[in-house]
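K.L.:
If it helps, the file is called coords-v3.cif and holds mmCIF, C-alpha atoms:
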```cif
data_model
#
loop_
_atom_site.label_atom_id
_atom_site.label_comp_id
_atom_site.auth_asym_id
_atom_site.auth_seq_id
_atom_site.Cartn_x
_atom_site.Cartn_y
_atom_site.Cartn_z
CA MET A 135 101.39 96.78 126.16
CA THR A 136 99.41 93.87 124.74
CA TYR A 137 98.18 94.59 121.24
CA GLN A 138 94.98 92.95 120.07
CA ALA A 139 95.19 94.21 116.50
CA PHE A 140 97.65 94.90 113.69
CA LEU A 141 97.15 97.40 110.90
CA ILE A 142 98.83 96.27 107.67
CA LYS A 143 100.03 98.80 105.11
CA TYR A 144 100.86 98.12 101.47
CA SER A 145 102.26 100.36 98.73
CA GLU A 146 102.17 99.16 95.10
CA ILE A 147 98.80 97.49 95.49
CA GLY A 148 97.30 100.92 96.13
CA VAL A 149 97.90 102.04 92.53
CA LYS A 150 96.31 99.00 90.87
CA GLY A 151 93.06 100.77 90.00
CA LYS A 152 89.88 98.79 89.40
CA ASN A 153 91.52 95.40 89.94
CA ARG A 154 93.15 96.38 93.24
CA TYR A 155 90.78 94.04 95.05
CA VAL A 156 92.43 91.06 93.32
CA PHE A 157 95.78 91.97 94.90
CA GLU A 158 94.20 92.80 98.25
CA ASP A 159 92.42 89.44 98.32
CA ALA A 160 95.69 87.68 97.46
CA LEU A 161 97.44 89.52 100.27
CA VAL A 162 94.71 88.52 102.72
CA ARG A 163 95.15 84.88 101.67
CA GLN A 164 98.92 85.04 102.16
CA ILE A 165 98.52 86.66 105.58
CA LYS A 166 96.11 83.93 106.65
CA ARG A 167 98.53 81.26 105.37
CA ALA A 168 101.38 82.79 107.35
CA LEU A 169 99.35 83.09 110.54
CA ASP A 170 98.19 79.48 110.32
CA HIS A 171 101.59 78.55 111.78
CA VAL A 172 101.34 80.96 114.74
CA ASP A 173 99.83 80.18 118.13
CA GLY A 174 96.61 82.18 118.49
CA GLU A 175 93.42 82.90 116.57
CA PHE A 176 93.30 85.76 114.07
CA LYS A 177 90.72 87.46 111.88
CA VAL A 178 91.92 89.23 108.73
CA ILE A 179 89.71 91.86 107.07
CA LYS A 180 90.02 94.54 104.38
CA GLN A 181 88.97 98.08 105.18
CA SER A 182 89.41 101.06 102.79
CA GLY A 183 93.07 100.95 101.85
CA ARG A 184 94.20 98.96 104.86
CA ILE A 185 94.15 95.39 106.07
CA PHE A 186 93.43 94.74 109.74
CA ILE A 187 94.34 91.68 111.75
CA SER A 188 92.41 91.29 114.98
CA VAL A 189 93.51 88.81 117.63
CA GLU A 190 90.51 86.64 118.50
CA SER A 191 92.16 84.56 121.22
CA GLU A 192 92.99 85.56 124.77
CA SER A 193 96.68 84.92 124.21
CA TYR A 194 99.00 84.69 121.21
CA ASP A 195 102.69 84.74 120.34
CA TYR A 196 103.47 88.38 119.50
CA ASP A 197 107.04 87.79 118.29
CA ALA A 198 106.02 84.85 116.11
CA THR A 199 103.18 86.93 114.66
CA ILE A 200 105.53 89.74 113.65
CA ASP A 201 108.04 87.26 112.21
CA ALA A 202 105.35 85.53 110.15
CA LEU A 203 104.06 88.83 108.75
CA GLN A 204 107.59 89.97 107.89
CA HIS A 205 107.75 87.04 105.47
CA VAL A 206 104.59 88.01 103.54
CA PHE A 207 105.31 89.79 100.28
CA GLY A 208 103.01 92.75 99.73
CA ILE A 209 103.24 94.00 103.32
CA CYS A 210 105.22 97.23 103.63
CA ALA A 211 104.53 97.98 107.30
CA ILE A 212 103.11 96.13 110.30
CA CYS A 213 101.58 98.44 112.89
CA PRO A 214 100.71 97.02 116.34
CA THR A 215 97.47 98.86 117.00
CA VAL A 216 94.99 99.73 119.72
CA ILE A 217 91.38 99.76 118.51
CA VAL A 218 88.78 101.77 120.43
CA PRO A 219 85.11 102.46 119.58
CA ASP A 220 84.08 105.80 118.08
CA GLU A 221 82.32 107.45 121.02
CA GLY A 222 83.10 111.08 120.24
CA PHE A 223 86.27 113.16 120.18
CA ASP A 224 86.75 113.41 123.95
CA LYS A 225 86.85 109.62 124.27
CA LEU A 226 89.17 109.46 121.26
CA ALA A 227 91.59 111.96 122.84
CA ASP A 228 91.48 110.13 126.17
CA ALA A 229 92.31 106.88 124.38
CA VAL A 230 95.32 108.45 122.67
CA ILE A 231 96.56 109.90 125.95
CA LYS A 232 96.24 106.49 127.61
CA PHE A 233 97.98 104.85 124.66
CA VAL A 234 100.96 107.22 124.79
CA GLY A 235 101.24 106.78 128.56
CA GLU A 236 101.42 102.98 128.21
CA GLU A 237 103.51 102.92 125.03
CA PHE A 238 106.34 105.22 126.19
CA ASP A 239 107.95 105.06 129.63
CA ASN A 240 110.08 108.09 128.80
CA ARG A 241 108.03 110.80 127.10
CA ASN A 242 110.78 113.39 126.79
CA PHE A 243 110.67 113.52 122.98
CA THR A 244 109.35 115.56 120.09
CA PHE A 245 106.27 114.26 118.32
CA LYS A 246 103.75 114.78 115.59
CA VAL A 247 100.20 113.45 115.39
CA PHE A 248 99.15 112.18 111.99
CA GLY A 249 95.38 111.99 111.56
CA ARG A 250 93.59 110.07 108.85
CA ARG A 251 89.83 110.29 108.48
CA ALA A 252 88.76 107.23 106.49
CA ASN A 253 85.23 107.66 107.85
CA LYS A 254 84.09 110.76 105.93
CA HIS A 255 81.04 111.14 108.19
CA TYR A 256 83.25 112.01 111.14
CA PRO A 257 82.61 115.68 112.05
CA MET A 258 86.31 116.68 112.15
CA THR A 259 88.82 116.69 109.29
CA SER A 260 92.11 114.78 109.43
CA MET A 261 94.03 118.00 110.16
CA GLU A 262 91.60 118.98 112.93
CA VAL A 263 91.89 115.57 114.56
CA ALA A 264 95.70 115.77 114.46
CA ALA A 265 95.81 119.31 115.87
CA GLU A 266 93.29 118.71 118.67
CA VAL A 267 94.82 115.39 119.72
CA GLY A 268 98.27 117.02 119.73
CA ALA A 269 96.97 119.79 122.01
CA ARG A 270 95.46 117.27 124.43
CA LEU A 271 98.74 115.34 124.54
CA LEU A 272 100.67 118.51 125.39
CA GLU A 273 98.28 119.17 128.27
CA ALA A 274 98.64 115.63 129.57
CA TYR A 275 102.40 115.32 129.09
CA PRO A 276 104.16 118.71 129.25
CA GLU A 277 107.55 117.07 128.72
CA MET A 278 106.56 116.25 125.14
CA LYS A 279 107.21 118.84 122.42
CA VAL A 280 105.65 119.23 118.97
CA ASP A 281 107.91 119.10 115.92
CA VAL A 282 105.94 118.76 112.69
CA HIS A 283 109.04 118.64 110.47
CA HIS A 284 111.44 116.22 112.17
CA PRO A 285 109.60 114.51 115.04
CA GLN A 286 111.29 111.81 117.04
CA LYS A 287 107.98 109.96 117.39
CA MET A 288 104.89 109.77 115.22
CA ILE A 289 101.47 109.13 116.77
CA PHE A 290 98.98 107.83 114.21
CA VAL A 291 95.21 108.18 114.65
CA GLU A 292 93.00 106.66 111.96
CA VAL A 293 89.28 107.37 112.19
CA ARG A 294 87.29 104.50 110.74
CA GLU A 295 84.26 102.57 111.96
CA ASN A 296 86.40 102.35 115.09
CA ILE A 297 89.51 104.36 115.98
CA ALA A 298 92.95 102.86 115.26
CA ILE A 299 95.87 104.23 117.31
CA TYR A 300 99.49 103.22 116.76
CA ALA A 301 103.02 104.60 116.94
CA ASN A 302 105.25 101.88 115.54
CA GLU A 303 105.66 100.84 111.91
CA ILE A 304 107.60 97.60 111.66
CA PRO A 305 109.02 97.16 108.13
CA GLY A 306 107.61 94.38 105.96
CA PRO A 307 109.27 92.86 102.87
CA CYS A 308 107.16 94.92 100.40
CA GLY A 309 106.77 93.47 96.89
CA MET A 310 103.58 91.91 95.54
CA PRO A 311 101.47 89.11 97.06
CA VAL A 312 102.53 85.64 95.95
CA GLY A 313 100.07 84.23 93.45
CA THR A 314 99.38 87.44 91.52
CA ALA A 315 101.97 87.02 88.76
CA GLY A 316 101.92 83.41 87.56
CA LYS A 317 104.33 80.56 88.26
CA ALA A 318 107.97 79.91 87.33
CA MET A 319 110.57 77.15 87.64
CA LEU A 320 113.70 77.92 89.66
CA LEU A 321 116.91 76.07 88.84
CA LEU A 322 118.03 75.62 92.43
CA SER A 323 121.60 74.65 93.27
CA GLY A 324 123.38 74.59 96.61
CA GLY A 325 125.09 77.91 95.98
CA ILE A 326 124.46 81.45 97.13
CA ASP A 327 122.86 82.84 93.98
CA SER A 328 119.87 80.69 93.05
CA PRO A 329 118.00 80.94 96.40
CA VAL A 330 118.33 84.73 96.18
CA ALA A 331 117.00 84.67 92.60
CA GLY A 332 113.99 82.63 93.74
CA TYR A 333 113.34 85.04 96.60
CA MET A 334 113.52 88.06 94.30
CA ILE A 335 111.16 86.66 91.67
CA SER A 336 108.73 85.47 94.35
CA LYS A 337 108.78 89.00 95.76
CA ARG A 338 107.11 90.11 92.53
CA GLY A 339 104.18 87.78 93.17
CA VAL A 340 105.41 84.65 91.36
CA VAL A 341 104.68 81.15 92.68
CA LEU A 342 107.78 78.92 92.64
CA SER A 343 108.56 75.38 91.61
CA ALA A 344 112.20 74.24 91.65
CA THR A 345 114.51 71.74 89.97
CA TYR A 346 117.74 70.47 91.52
CA PHE A 347 120.29 68.33 89.67
CA HIS A 348 121.82 65.64 91.86
CA ALA A 349 124.87 63.56 90.83
CA PRO A 350 125.38 60.60 93.15
CA PRO A 351 127.88 59.26 94.11
CA TYR A 352 129.83 62.41 93.16
CA THR A 353 127.47 64.52 95.24
CA SER A 354 126.39 63.33 98.66
CA GLU A 355 123.05 63.06 100.41
CA ARG A 356 124.22 66.03 102.48
CA ALA A 357 124.41 68.09 99.29
CA LYS A 358 120.85 67.09 98.49
CA GLN A 359 119.65 67.91 102.01
CA LYS A 360 121.39 71.27 101.76
CA VAL A 361 119.25 72.14 98.72
CA VAL A 362 116.10 70.96 100.49
CA ASP A 363 117.02 73.20 103.42
CA LEU A 364 117.56 76.16 101.08
CA ALA A 365 114.17 75.53 99.48
CA LYS A 366 112.60 75.56 102.96
CA LEU A 367 114.19 78.90 103.75
CA VAL A 368 112.94 80.43 100.49
CA SER A 369 109.49 78.92 101.08
CA LYS A 370 109.13 81.04 104.23
CA TYR A 371 108.52 83.86 101.76
CA SER A 372 107.19 82.08 98.69
CA GLY A 373 104.94 79.45 100.24
CA PRO A 374 105.22 75.72 99.42
CA ILE A 375 107.67 74.76 96.64
CA ASP A 376 107.43 71.60 94.53
CA LEU A 377 111.07 70.50 94.30
CA HIS A 378 112.10 68.12 91.49
CA ILE A 379 115.32 66.24 92.32
CA VAL A 380 116.85 64.97 89.07
CA ASN A 381 119.53 62.26 88.97
CA PHE A 382 121.93 63.84 86.50
CA THR A 383 124.96 61.55 86.90
CA ASP A 384 124.64 59.43 83.75
CA ILE A 385 124.01 62.48 81.57
CA GLN A 386 127.06 64.25 82.96
CA LEU A 387 129.31 61.20 82.51
CA TYR A 388 128.13 60.77 78.92
CA ILE A 389 128.78 64.42 78.09
CA TYR A 390 132.18 64.12 79.80
CA GLU A 391 132.99 61.11 77.59
CA LYS A 392 131.78 62.49 74.25
CA CYS A 393 132.41 66.25 74.30
CA LEU A 394 135.40 68.55 74.46
CA HIS A 395 136.22 69.39 78.07
CA GLU A 396 136.17 73.13 77.51
CA GLU A 397 132.56 72.73 76.35
CA LEU A 398 131.41 70.54 79.26
CA THR A 399 129.95 73.31 81.38
CA ILE A 400 127.86 74.90 78.65
CA ILE A 401 126.56 71.60 77.24
CA MET A 402 125.64 70.31 80.73
CA ARG A 403 123.91 73.60 81.39
CA ARG A 404 121.90 73.29 78.17
CA TYR A 405 120.64 69.86 79.22
CA MET A 406 119.74 71.17 82.66
CA MET A 407 117.67 73.88 81.01
CA ARG A 408 115.93 71.33 78.77
CA ILE A 409 115.00 69.11 81.71
CA ALA A 410 113.95 72.02 83.93
CA GLU A 411 111.73 73.30 81.14
CA HIS A 412 110.09 69.87 80.88
CA PHE A 413 109.06 70.04 84.55
CA ALA A 414 108.18 73.71 84.21
CA LYS A 415 105.59 72.90 81.57
CA GLU A 416 104.26 69.99 83.63
CA ASP A 417 103.84 72.33 86.61
CA GLY A 418 102.10 75.06 84.63
CA CYS A 419 105.05 77.45 84.82
CA ILE A 420 105.43 80.23 82.28
CA GLY A 421 109.13 80.91 82.77
CA LEU A 422 112.45 79.65 84.12
CA ILE A 423 114.52 81.39 86.82
CA THR A 424 118.27 81.18 87.28
CA GLY A 425 120.76 82.88 89.59
CA GLU A 426 123.14 83.84 86.80
CA SER A 427 125.04 87.13 86.82
CA ILE A 428 127.00 88.38 83.79
CA GLY A 429 130.68 87.52 84.02
CA GLN A 430 130.56 85.83 87.41
CA VAL A 431 131.78 82.47 86.03
CA ALA A 432 132.56 81.06 82.59
CA SER A 433 129.02 79.77 82.02
CA GLN A 434 127.62 83.26 82.66
CA THR A 435 129.21 85.30 79.89
CA MET A 436 126.90 86.88 77.33
CA GLN A 437 127.93 84.25 74.79
CA SER A 438 127.30 81.38 77.22
CA LEU A 439 123.92 82.73 78.24
CA ASN A 440 122.99 82.99 74.58
CA CYS A 441 123.83 79.32 74.12
CA THR A 442 121.70 78.21 77.07
CA ASN A 443 118.79 80.44 76.07
CA ALA A 444 118.74 78.79 72.66
CA VAL A 445 117.41 75.47 74.00
CA CYS A 446 114.47 77.09 75.85
CA THR A 447 111.03 77.87 74.51
CA LEU A 448 109.98 79.50 77.79
CA PRO A 449 111.44 82.87 78.80
CA VAL A 450 114.38 82.76 81.22
CA TYR A 451 114.33 85.31 84.06
CA ARG A 452 117.64 86.28 85.67
CA PRO A 453 116.95 88.76 88.48
CA LEU A 454 120.64 88.87 89.50
CA ILE A 455 121.97 89.53 86.00
CA ALA A 456 123.70 92.85 86.84
CA PHE A 457 124.44 92.25 90.53
CA ASP A 458 127.90 92.21 92.04
CA LYS A 459 128.62 89.15 94.17
CA GLN A 460 128.54 91.21 97.36
CA ASP A 461 125.07 92.48 96.44
CA ILE A 462 123.90 88.88 96.24
CA VAL A 463 125.62 87.90 99.49
CA ASP A 464 123.96 90.82 101.27
CA ILE A 465 120.50 89.62 100.24
CA SER A 466 121.32 86.00 101.12
CA GLU A 467 122.29 87.13 104.62
CA LYS A 468 119.09 89.14 104.89
CA ILE A 469 116.90 86.14 103.99
CA ASN A 470 118.99 83.72 106.09
CA THR A 471 120.18 81.47 103.25
CA TYR A 472 123.87 82.44 103.28
CA GLU A 473 125.07 80.14 106.08
CA THR A 474 123.36 77.15 104.47
CA SER A 475 124.66 78.03 100.99
CA ILE A 476 128.30 78.04 102.10
CA LEU A 477 128.18 74.60 103.71
CA PRO A 478 130.96 72.53 102.04
CA TYR A 479 128.80 70.07 100.11
CA GLU A 480 129.44 70.31 96.38
CA ASP A 481 126.72 70.27 93.75
CA CYS A 482 126.91 68.68 90.31
CA CYS A 483 127.91 71.97 88.68
CA THR A 484 131.23 72.01 90.54
CA ILE A 485 132.10 68.30 90.29
CA PHE A 486 132.54 68.14 86.52
CA VAL A 487 133.76 71.66 85.85
CA ALA A 488 136.45 71.95 83.17
CA LYS A 489 139.85 73.39 84.06
CA HIS A 490 139.69 75.83 81.14
CA PRO A 491 136.04 76.26 80.15
CA ALA A 492 135.08 78.12 77.00
CA THR A 493 134.06 81.67 77.90
CA LYS A 494 132.90 82.74 74.43
CA PRO A 495 131.19 79.66 72.99
CA LYS A 496 129.56 79.90 69.59
CA LEU A 497 126.08 78.44 69.35
CA GLU A 498 126.69 76.68 66.05
CA VAL A 499 129.84 75.02 67.46
CA ILE A 500 128.03 73.85 70.61
CA GLU A 501 125.13 72.48 68.58
CA LYS A 502 127.60 70.61 66.37
CA SER A 503 129.33 69.15 69.43
CA GLU A 504 126.00 67.94 70.82
CA LYS A 505 125.62 65.71 67.76
CA ASN A 506 128.25 63.49 69.37
CA LEU A 507 125.61 62.67 71.99
CA GLU A 508 122.88 61.56 69.60
CA GLU A 509 123.33 57.82 70.19
CA LYS A 510 122.23 57.79 73.86
CA ILE A 511 121.35 61.26 75.14
CA ASP A 512 117.60 61.15 74.48
CA GLU A 513 117.28 57.88 76.37
CA LEU A 514 119.37 59.20 79.25
CA VAL A 515 117.23 62.33 79.49
CA LYS A 516 114.07 60.19 79.43
CA ILE A 517 115.39 58.02 82.28
CA ALA A 518 116.42 61.08 84.29
CA ILE A 519 112.92 62.53 83.95
CA GLU A 520 111.19 59.25 84.78
CA THR A 521 113.33 58.67 87.89
CA THR A 522 113.03 62.21 89.23
CA GLU A 523 111.95 62.49 92.86
CA THR A 524 109.44 65.26 93.53
CA ILE A 525 108.78 66.55 97.04
CA THR A 526 106.82 69.51 98.38
CA VAL A 527 108.96 71.71 100.61
CA GLU A 528 107.44 74.12 103.13
CA ALA A 529 108.91 76.02 106.05
#
```
Would it be possible to restate this file's structure as structure tokens?
P.N.:
Amino acid sequence: MTYQAFLIKYSEIGVKGKNRYVFEDALVRQIKRALDHVDGEFKVIKQSGRIFISVESESYDYDATIDALQHVFGICAICPTVIVPDEGFDKLADAVIKFVGEEFDNRNFTFKVFGRRANKHYPMTSMEVAAEVGARLLEAYPEMKVDVHHPQKMIFVEVRENIAIYANEIPGPCGMPVGTAGKAMLLLSGGIDSPVAGYMISKRGVVLSATYFHAPPYTSERAKQKVVDLAKLVSKYSGPIDLHIVNFTDIQLYIYEKCLHEELTIIMRRYMMRIAEHFAKEDGCIGLITGESIGQVASQTMQSLNCTNAVCTLPVYRPLIAFDKQDIVDISEKINTYETSILPYEDCCTIFVAKHPATKPKLEVIEKSEKNLEEKIDELVKIAIETTETITVEA
């Protein structure tokens, strides 16, 4: 069957009250953005608790359309739909019978008809529509059986200005439309965790920028490209990402020269947070995002996180904070970042890692150690910021 329409369902947006239209409009914008990359012409409209996509061209790429919509946060279900005009109940029933005949080659299953009367002027109630359509289907296809409690198939009939008929609900990513919850700066490395953190925060409607710390010649151009590739994969969900690529080599070497080795990781992390916050404020972000999880590595103990938080004036969001590693891996596989993340190109966090890093650093001790950097660190940070390469990454 060739579908010329898609009914889009959402969940959380429906409880937003008087400002629900703001979220609906944002979802419409994100759907249009996603479909811009798909062959075909589409029209996206809102209609009483639903969003409809009608195909305006003679042909289009069905699989690419579904894939694009499955990357739009805010969509909970994508329903390939047949739309027929409201020409009375007999025509409606005939249309459903035709739909079922074309949709299912084998009709030896139990079913339930779910009616929804969005058009309150229609002379039948939702329950009456469901019951009468179900009776007509039984007449047309005796091999089908009704089971209202545990049906194998659901047939949906929505009475609106026209009649929408569908039987398949393809899962969407859910969440909230991107652009409804502000903007935040993601500290993006080449590992598994940070792309997942960006995906999860974006799922709540947050627009992303990102900062990556590059350390040539200790990290290669392949390591840099790996991060760009990860940003592209995340941007399939989040939309375009402004990626700031910071040359961090001189800062790392200076810290390595002047500070105790067990403190290297935490002090380097504090300077990463400072620089990321600089670009966050430039980009209009109202928070930082990291992929940290308590206890996963030495720089992610409660004491270490307290030390890194201390240099930030913006809030730091850590969506993975209580996740096990396998939980994070599972999401990375779901969003297709895992295989890229495990490519063997090291980032700057792994090059200069201490053999025995401090796991319970004290803030006052770390701040005292940073005084050893006072001679040159401000100038090095200034140079790193001024020489940062910024690119816009989009899938």
K.L.:
Check the smallest atom-to-atom distance from each of A:Thr521, A:Thr526, A:Ser193, A:Ser438 to Asn381 (chain A) using all atoms listed in the file, then report the winner.
P.N.:
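Closest to Asn381 (chain A) of all the choices is A:Thr521.
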K.L.:
To test your reading of the syntax: which residues would the PyMOL selection byres ((chain A and resi 400-413) around 8) return for the file shown? Reply as JSON, numbers by chain.
P.N.:
{"A": [319, 321, 345, 347, 378, 386, 389, 397, 398, 399, 414, 415, 416, 417, 422, 433, 438, 441, 442, 445, 446, 448, 500, 504, 515, 519]}
K.L.:
Emit the selected residues as a short mmCIF file (atom, residue, chain, number, x, y, z; two decimals), in the frame of the given file, including C-alpha atoms.
P.N.:
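Saved result, out.cif, follows:
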```cif
data_model
loop_
_atom_site.label_atom_id
_atom_site.label_comp_id
_atom_site.auth_asym_id
_atom_site.auth_seq_id
_atom_site.Cartn_x
_atom_site.Cartn_y
_atom_site.Cartn_z
CA MET A 319 110.57 77.15 87.64
CA LEU A 321 116.91 76.07 88.84
CA THR A 345 114.51 71.74 89.97
CA PHE A 347 120.29 68.33 89.67
CA HIS A 378 112.10 68.12 91.49
CA GLN A 386 127.06 64.25 82.96
CA ILE A 389 128.78 64.42 78.09
CA GLU A 397 132.56 72.73 76.35
CA LEU A 398 131.41 70.54 79.26
CA THR A 399 129.95 73.31 81.38
CA ALA A 414 108.18 73.71 84.21
CA LYS A 415 105.59 72.90 81.57
CA GLU A 416 104.26 69.99 83.63
CA ASP A 417 103.84 72.33 86.61
CA LEU A 422 112.45 79.65 84.12
CA SER A 433 129.02 79.77 82.02
CA SER A 438 127.30 81.38 77.22
CA CYS A 441 123.83 79.32 74.12
CA THR A 442 121.70 78.21 77.07
CA VAL A 445 117.41 75.47 74.00
CA CYS A 446 114.47 77.09 75.85
CA LEU A 448 109.98 79.50 77.79
CA ILE A 500 128.03 73.85 70.61
CA GLU A 504 126.00 67.94 70.82
CA VAL A 515 117.23 62.33 79.49
CA ILE A 519 112.92 62.53 83.95
#
```
K.L.:
Take the PyMOL selection byres ((chain A and resi 155) around 12), run it mentally on this structure, and tell me the resulting residues as a list in words.
P.N.:
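With the PyMOL selection byres ((chain A and resi 155) around 12) on this model, the match is Ile147, Gly148, Val149, Lys150, Gly151, Lys152, Asn153, Arg154, Val156, Phe157, Glu158, Asp159, Ala160, Leu161, Val162, Lys180, Gln181, Ser182, Gly183, Arg184, Ile185, Pro311 and Thr314 of chain A.
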K.L.:
Interatomic distance between CA of Ala211 (chain A) and CA of Tyr144 (chain A)?
P.N.:
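Those two atoms sit 6.9 Å apart.
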K.L.:
Identify all residues satisfying the PyMOL selection byres ((chain A and resi 173-178) around 7) in the given file; provide them as a PyMOL selection string.
P.N.:
chain A and resi 162+171-172+179+186-191+193-195
K.L.:
Just to confirm, what's the straight-line distance from CA of Phe245 (chain A) to CA of Ala198 (chain A) in Å (one decimal)?
P.N.:
29.5 Å
K.L.:
What separation in Å, quoted to one decimal, exists between CA of Leu377 (chain A) and CA of Glu513 (chain A)?
P.N.:
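Straight-line distance from CA of Leu377 (chain A) to CA of Glu513 (chain A) works out to 22.8 Å.
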K.L.:
Nearest to Tyr472 (chain A): which of A:Ile209, A:Ile525, A:Val341, A:Ile326 is it, counting all atoms listed in the file?
P.N.:
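Of A:Ile209, A:Ile525, A:Val341, A:Ile326, the one nearest Tyr472 (chain A), counting all atoms listed in the file, is A:Ile326.
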K.L.:
Smallest atom-to-atom distance to Thr474 (chain A): which of A:Pro276, A:Pro329, A:Gly306, A:Gly313, using only C-alpha atoms?
P.N.:
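Among the listed residues, A:Pro329 lies closest to Thr474 (chain A).
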K.L.:
At a cut-off of 9 Å, using only C-alpha atoms, what residues contact Ala264 (chain A)? Leave out same-chain residues fewer than 4 positions from it and give the result as a list in words.
P.N.:
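Near neighbours after the sequence-gap exclusion: Lys246, Val247, Phe248, Gly249, Arg250, Thr259, Ser260, Gly268, Ala269, Phe290 and Val291 of chain A.
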K.L.:
Which one is closest to Gln434 (chain A): A:Leu454, A:Val206, A:Met261, A:Leu477? Count only C-alpha atoms.
P.N.:
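Closest residue, counting only C-alpha atoms: A:Leu454.
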K.L.:
Sort by chain and increasing residue number a table of all residues of region 289-390 of chain A within 7 Å of region 219-228 of chain A, each with its closest pair of atoms and their distance in Å to one decimal, counting only C-alpha atoms, and write it as JSON lines.
P.N.:
```
{"residue": "A:Glu295", "atom": "CA", "partner": "A:Asp220", "partner_atom": "CA", "distance": 6.9}
{"residue": "A:Asn296", "atom": "CA", "partner": "A:Pro219", "partner_atom": "CA", "distance": 4.7}
{"residue": "A:Ile297", "atom": "CA", "partner": "A:Pro219", "partner_atom": "CA", "distance": 6.0}
```
K.L.:
Got a sec: who's within 10 Å of Met436 (chain A), counting only C-alpha atoms, leaving out chain neighbours fewer than 5 positions off, as a list in words?
P.N.:
Ser427, Ile428, Gly429, Cys441, Thr493, Lys494 and Pro495 of chain A
K.L.:
Check the smallest atom-to-atom distance from each of A:Val280, A:Ala529, A:Val218, A:Met334 to Ala202 (chain A) using all atoms listed in the file, then report the winner.
P.N.:
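Smallest separation from Ala202 (chain A) among the options: A:Ala529.
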K.L.:
Between A:Glu146, A:Glu528, A:Glu273, A:Glu396, which has the minimum distance to Pro374 (chain A) (counting all atoms listed in the file)?
P.N.:
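That would be A:Glu528, the residue with the smallest distance to Pro374 (chain A).
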K.L.:
Identify, on the basis of only C-alpha atoms, every residue whose closest approach to Glu237 (chain A) does not exceed 12 Å; exclude the query and any residue fewer than 2 positions from it along the same chain; express the result as an mmCIF file with C-alpha atoms, keeping the file's coordinate frame.
P.N.:
```cif
data_model
loop_
_atom_site.group_PDB
_atom_site.id
_atom_site.type_symbol
_atom_site.label_atom_id
_atom_site.label_comp_id
_atom_site.auth_asym_id
_atom_site.auth_seq_id
_atom_site.Cartn_x
_atom_site.Cartn_y
_atom_site.Cartn_z
ATOM 1 C CA MET A 135 101.390 96.780 126.160
ATOM 2 C CA THR A 136 99.410 93.870 124.740
ATOM 3 C CA TYR A 137 98.180 94.590 121.240
ATOM 4 C CA PRO A 214 100.710 97.020 116.340
ATOM 5 C CA THR A 215 97.470 98.860 117.000
ATOM 6 C CA VAL A 216 94.990 99.730 119.720
ATOM 7 C CA ALA A 229 92.310 106.880 124.380
ATOM 8 C CA VAL A 230 95.320 108.450 122.670
ATOM 9 C CA ILE A 231 96.560 109.900 125.950
ATOM 10 C CA LYS A 232 96.240 106.490 127.610
ATOM 11 C CA PHE A 233 97.980 104.850 124.660
ATOM 12 C CA VAL A 234 100.960 107.220 124.790
ATOM 13 C CA GLY A 235 101.240 106.780 128.560
ATOM 14 C CA ASP A 239 107.950 105.060 129.630
ATOM 15 C CA ASN A 240 110.080 108.090 128.800
ATOM 16 C CA ARG A 241 108.030 110.800 127.100
ATOM 17 C CA LYS A 287 107.980 109.960 117.390
ATOM 18 C CA ILE A 289 101.470 109.130 116.770
ATOM 19 C CA ILE A 299 95.870 104.230 117.310
ATOM 20 C CA TYR A 300 99.490 103.220 116.760
ATOM 21 C CA ALA A 301 103.020 104.600 116.940
ATOM 22 C CA ASN A 302 105.250 101.880 115.540
#
```
K.L.:
Report, as AutoDock Vina command-line options, the axis-aligned box around all atoms of region 333-348 of chain A present in the file, extended by 6 Å on each side; give centre and edge lengths in Å to one decimal place.
P.N.:
```
--center_x 113.0 --center_y 77.9 --center_z 93.1 --size_x 29.6 --size_y 36.5 --size_z 18.9
```
K.L.:
Is it possible to add N, CA, C and O atoms to region 299-304 of chain A and hand it back as a short mmCIF file (atom, residue, chain, number, x, y, z; two decimals), in the frame of the given file?
P.N.:
```
data_model
loop_
_atom_site.label_atom_id
_atom_site.label_comp_id
_atom_site.auth_asym_id
_atom_site.auth_seq_id
_atom_site.Cartn_x
_atom_site.Cartn_y
_atom_site.Cartn_z
N ILE A 299 94.79 103.41 116.76
CA ILE A 299 95.87 104.23 117.31
C ILE A 299 97.14 103.40 117.32
O ILE A 299 97.16 102.27 117.81
N TYR A 300 98.22 103.95 116.76
CA TYR A 300 99.49 103.22 116.76
C TYR A 300 100.64 104.21 116.64
O TYR A 300 100.46 105.37 116.24
N ALA A 301 101.84 103.74 116.99
CA ALA A 301 103.02 104.60 116.94
C ALA A 301 104.24 103.90 116.36
O ALA A 301 105.29 104.51 116.22
N ASN A 302 104.10 102.66 116.01
CA ASN A 302 105.25 101.88 115.54
C ASN A 302 104.93 101.25 114.20
O ASN A 302 103.89 100.59 114.05
N GLU A 303 105.79 101.47 113.23
CA GLU A 303 105.66 100.84 111.91
C GLU A 303 106.84 99.89 111.71
O GLU A 303 107.95 100.34 111.47
N ILE A 304 106.57 98.61 111.83
CA ILE A 304 107.60 97.60 111.66
C ILE A 304 107.71 97.26 110.17
O ILE A 304 106.71 96.92 109.54
#
```
